[in-house]
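Participant: I have a structure I would like to understand better, so I am pasting it below and will then ask my questions one at a time.
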Amino acid sequence: MLPYEAFAACYDALMVDVDYETWAGYVTRLIRQNGVPDNTLLDAACGTGSLSVLLSKAGFMVTGADASPEMLGRAAGKARMQGQTIEFVCQDLRAISLHRQVSVVNCSLDGVNYLITAEDIEKFFACASRALKPGGLLLFDVSTPYKFENIIGEGTFADETENAAYIWFNEYEAESGICTMQLTLFVKESDACYRRSEEEHVQRAHTLYELEQALQKAGLKSLGAYSFLSTDPAGENDERWQIVARKV
């Protein structure tokens, strides 16, 4: 089973603590501060579209891309319900291809952590560079090595809502930076029974040096690496970094 195939059914309920409005406001401010040719934006690895919808409401002409058809189906329904016109396309980060270039490529909520090799990262950055207009911006965030080693790694987490629950067990290898996540889901069906499913997610903790080298290789100039939700320089004890780069 592919990652997020079953998780799509309960993703929003289990991400209820994520402050998407603050997240979207932060991304919007970074874009405005750095300037872009126009308001076209690709929300890559958009998931169920919560951020895509908010960025659309903020005035961007949004296209959402994700590798999971199940997530995209929920994203499209969410956009319709909230009166936003967003095109959603099923594309992997490493194979993004747009008919028209955009001014912003955004990838939030750990999308880049799912790229576990240097080649994977370079492919995404190259695709993002091709998708961007000259002067356009790439924005993305990552969970940091500190977070994987001290907070997520070797931990077991559980949560439940009215209609779903999960148990999440992590194994982290500090030498490789690889975190393997075994996820067991229980989703309530229409007959009040719960359907159990299992997924494996694999993420990697990337260093700032690795990310900046890959950006340069793709013709993207790093404008800043920040402690998340601020413009303070990224620190080694941050749990999340935000990176902004421009197509040169």
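Just so we're on the same page: first chain in the structure tokens is A, next is B, and so on; residues restart at 1 for each chain, and ligands are numbered from 1 in the order they show up.
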Could you pull out all residues of region 69-116 of chain A with a DSSP call of strand (DSSP E) and give them as a ChimeraX atom specification?
Facilitator: /A:87-90,102-107
Participant: Write out as number ranges by chain each polymer residue whose atoms come within 12 Å of region 153-170 of chain A, counting only C-alpha atoms; drop sequence neighbours fewer than 4 positions from it.
Facilitator: A: 6-17, 143-149, 174, 177-205
Participant: If you run DSSP on the backbone, which residues of region 13-231 of chain A are helix (DSSP H, G or I), as a ChimeraX atom specification?
Facilitator: /A:13-14,20-34,50-57,69-81,93-95,111-114,118-131,145-152,208-217
Participant: Counting only C-alpha atoms, which residue out of A:Gln213, A:Thr85, A:Gln242, A:Thr63 sits closest to Leu138 (chain A)?
Facilitator: A:Gln242
Participant: Which neighbours of region 117-134 of chain A fall inside 6 Å, counting only C-alpha atoms, when residues of the same chain fewer than 2 positions from it are skipped, and could you give them as an MDAnalysis selection string?
Facilitator: chainID A and resid 93:94 96 101:103 115 136 214 218 247
Participant: Restricting it to N, CA and C atoms, dump the selection as a PDB file, in the first residue's frame.
Facilitator:
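And here's part03.pdb as it stands now:
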```pdb
ATOM      1  N   LEU A  93       6.698  14.585  -6.740  1.00  0.00           N
ATOM      2  CA  LEU A  93       7.604  15.727  -6.639  1.00  0.00           C
ATOM      3  C   LEU A  93       8.761  15.636  -7.626  1.00  0.00           C
ATOM      4  N   ARG A  94       9.211  14.412  -7.895  1.00  0.00           N
ATOM      5  CA  ARG A  94      10.387  14.227  -8.745  1.00  0.00           C
ATOM      6  C   ARG A  94      10.054  14.246 -10.231  1.00  0.00           C
ATOM      7  N   ILE A  96       7.439  16.611 -11.589  1.00  0.00           N
ATOM      8  CA  ILE A  96       6.495  17.704 -11.821  1.00  0.00           C
ATOM      9  C   ILE A  96       6.695  18.264 -13.221  1.00  0.00           C
ATOM     10  N   GLN A 101       4.590  27.877 -16.911  1.00  0.00           N
ATOM     11  CA  GLN A 101       5.401  28.168 -15.743  1.00  0.00           C
ATOM     12  C   GLN A 101       4.630  29.018 -14.736  1.00  0.00           C
ATOM     13  N   VAL A 102       5.026  28.905 -13.484  1.00  0.00           N
ATOM     14  CA  VAL A 102       4.387  29.654 -12.404  1.00  0.00           C
ATOM     15  C   VAL A 102       5.437  30.529 -11.722  1.00  0.00           C
ATOM     16  N   SER A 103       4.965  31.441 -10.871  1.00  0.00           N
ATOM     17  CA  SER A 103       5.876  32.346 -10.166  1.00  0.00           C
ATOM     18  C   SER A 103       6.334  31.794  -8.822  1.00  0.00           C
ATOM     19  N   LEU A 115      11.772  12.839   0.286  1.00  0.00           N
ATOM     20  CA  LEU A 115      12.792  12.629  -0.741  1.00  0.00           C
ATOM     21  C   LEU A 115      14.043  12.146  -0.020  1.00  0.00           C
ATOM     22  N   GLY A 136      11.149  33.631 -10.252  1.00  0.00           N
ATOM     23  CA  GLY A 136      10.180  32.975  -9.384  1.00  0.00           C
ATOM     24  C   GLY A 136      10.826  32.390  -8.147  1.00  0.00           C
ATOM     25  N   ALA A 214      22.158  21.241  -3.430  1.00  0.00           N
ATOM     26  CA  ALA A 214      21.212  20.772  -4.441  1.00  0.00           C
ATOM     27  C   ALA A 214      20.500  21.950  -5.109  1.00  0.00           C
ATOM     28  N   ALA A 218      20.556  23.087  -9.237  1.00  0.00           N
ATOM     29  CA  ALA A 218      19.338  23.277 -10.039  1.00  0.00           C
ATOM     30  C   ALA A 218      19.183  24.715 -10.544  1.00  0.00           C
ATOM     31  N   LYS A 247      14.750  31.442  -8.636  1.00  0.00           N
ATOM     32  CA  LYS A 247      15.288  31.006  -9.918  1.00  0.00           C
ATOM     33  C   LYS A 247      16.097  32.135 -10.517  1.00  0.00           C
TER      34      LYS A 247
END
```
Participant: Fewer than 6 positions away in the same chain doesn't count, so skip those; otherwise give me all residues within 7 Å of Asn106 (chain A), counting only C-alpha atoms, as an MDAnalysis selection string.
Facilitator: chainID A and resid 42:44 138:140
Participant: So, counting only C-alpha atoms, which residue among A:Val36, A:Cys46, A:Leu109, A:Ile31 is closest to Val89 (chain A)?
Facilitator: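 The closest residue to Val89 (chain A) is A:Cys46.
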Participant: Excluding region 49-51 of chain A and residues on its chain fewer than 6 positions from it, collect all residues at most 8 Å away from it, counting only C-alpha atoms, and give them as a ChimeraX atom specification.
Facilitator: /A:20-21,23-24,64,72,74-76,78-79
Participant: Taking only C-alpha atoms into account, which of A:Arg32, A:Arg240, A:Arg246, A:His99 comes nearest Tyr226 (chain A)?
Facilitator: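 Checking each candidate against Tyr226 (chain A), we get A:Arg240 as the closest.
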Participant: Find the residue from A:Asn150, A:Ser52, A:Thr40, A:Ser68 that sits nearest to Ser108 (chain A); use only C-alpha atoms when measuring.
Facilitator: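 Of A:Asn150, A:Ser52, A:Thr40, A:Ser68, the one nearest Ser108 (chain A), counting only C-alpha atoms, is A:Ser52.
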Participant: Provide the CA of Asp66 (chain A) to CA of Phe228 (chain A) distance in Å, to one decimal place.
Facilitator: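 Between these atoms lies a distance of 22.9 Å.
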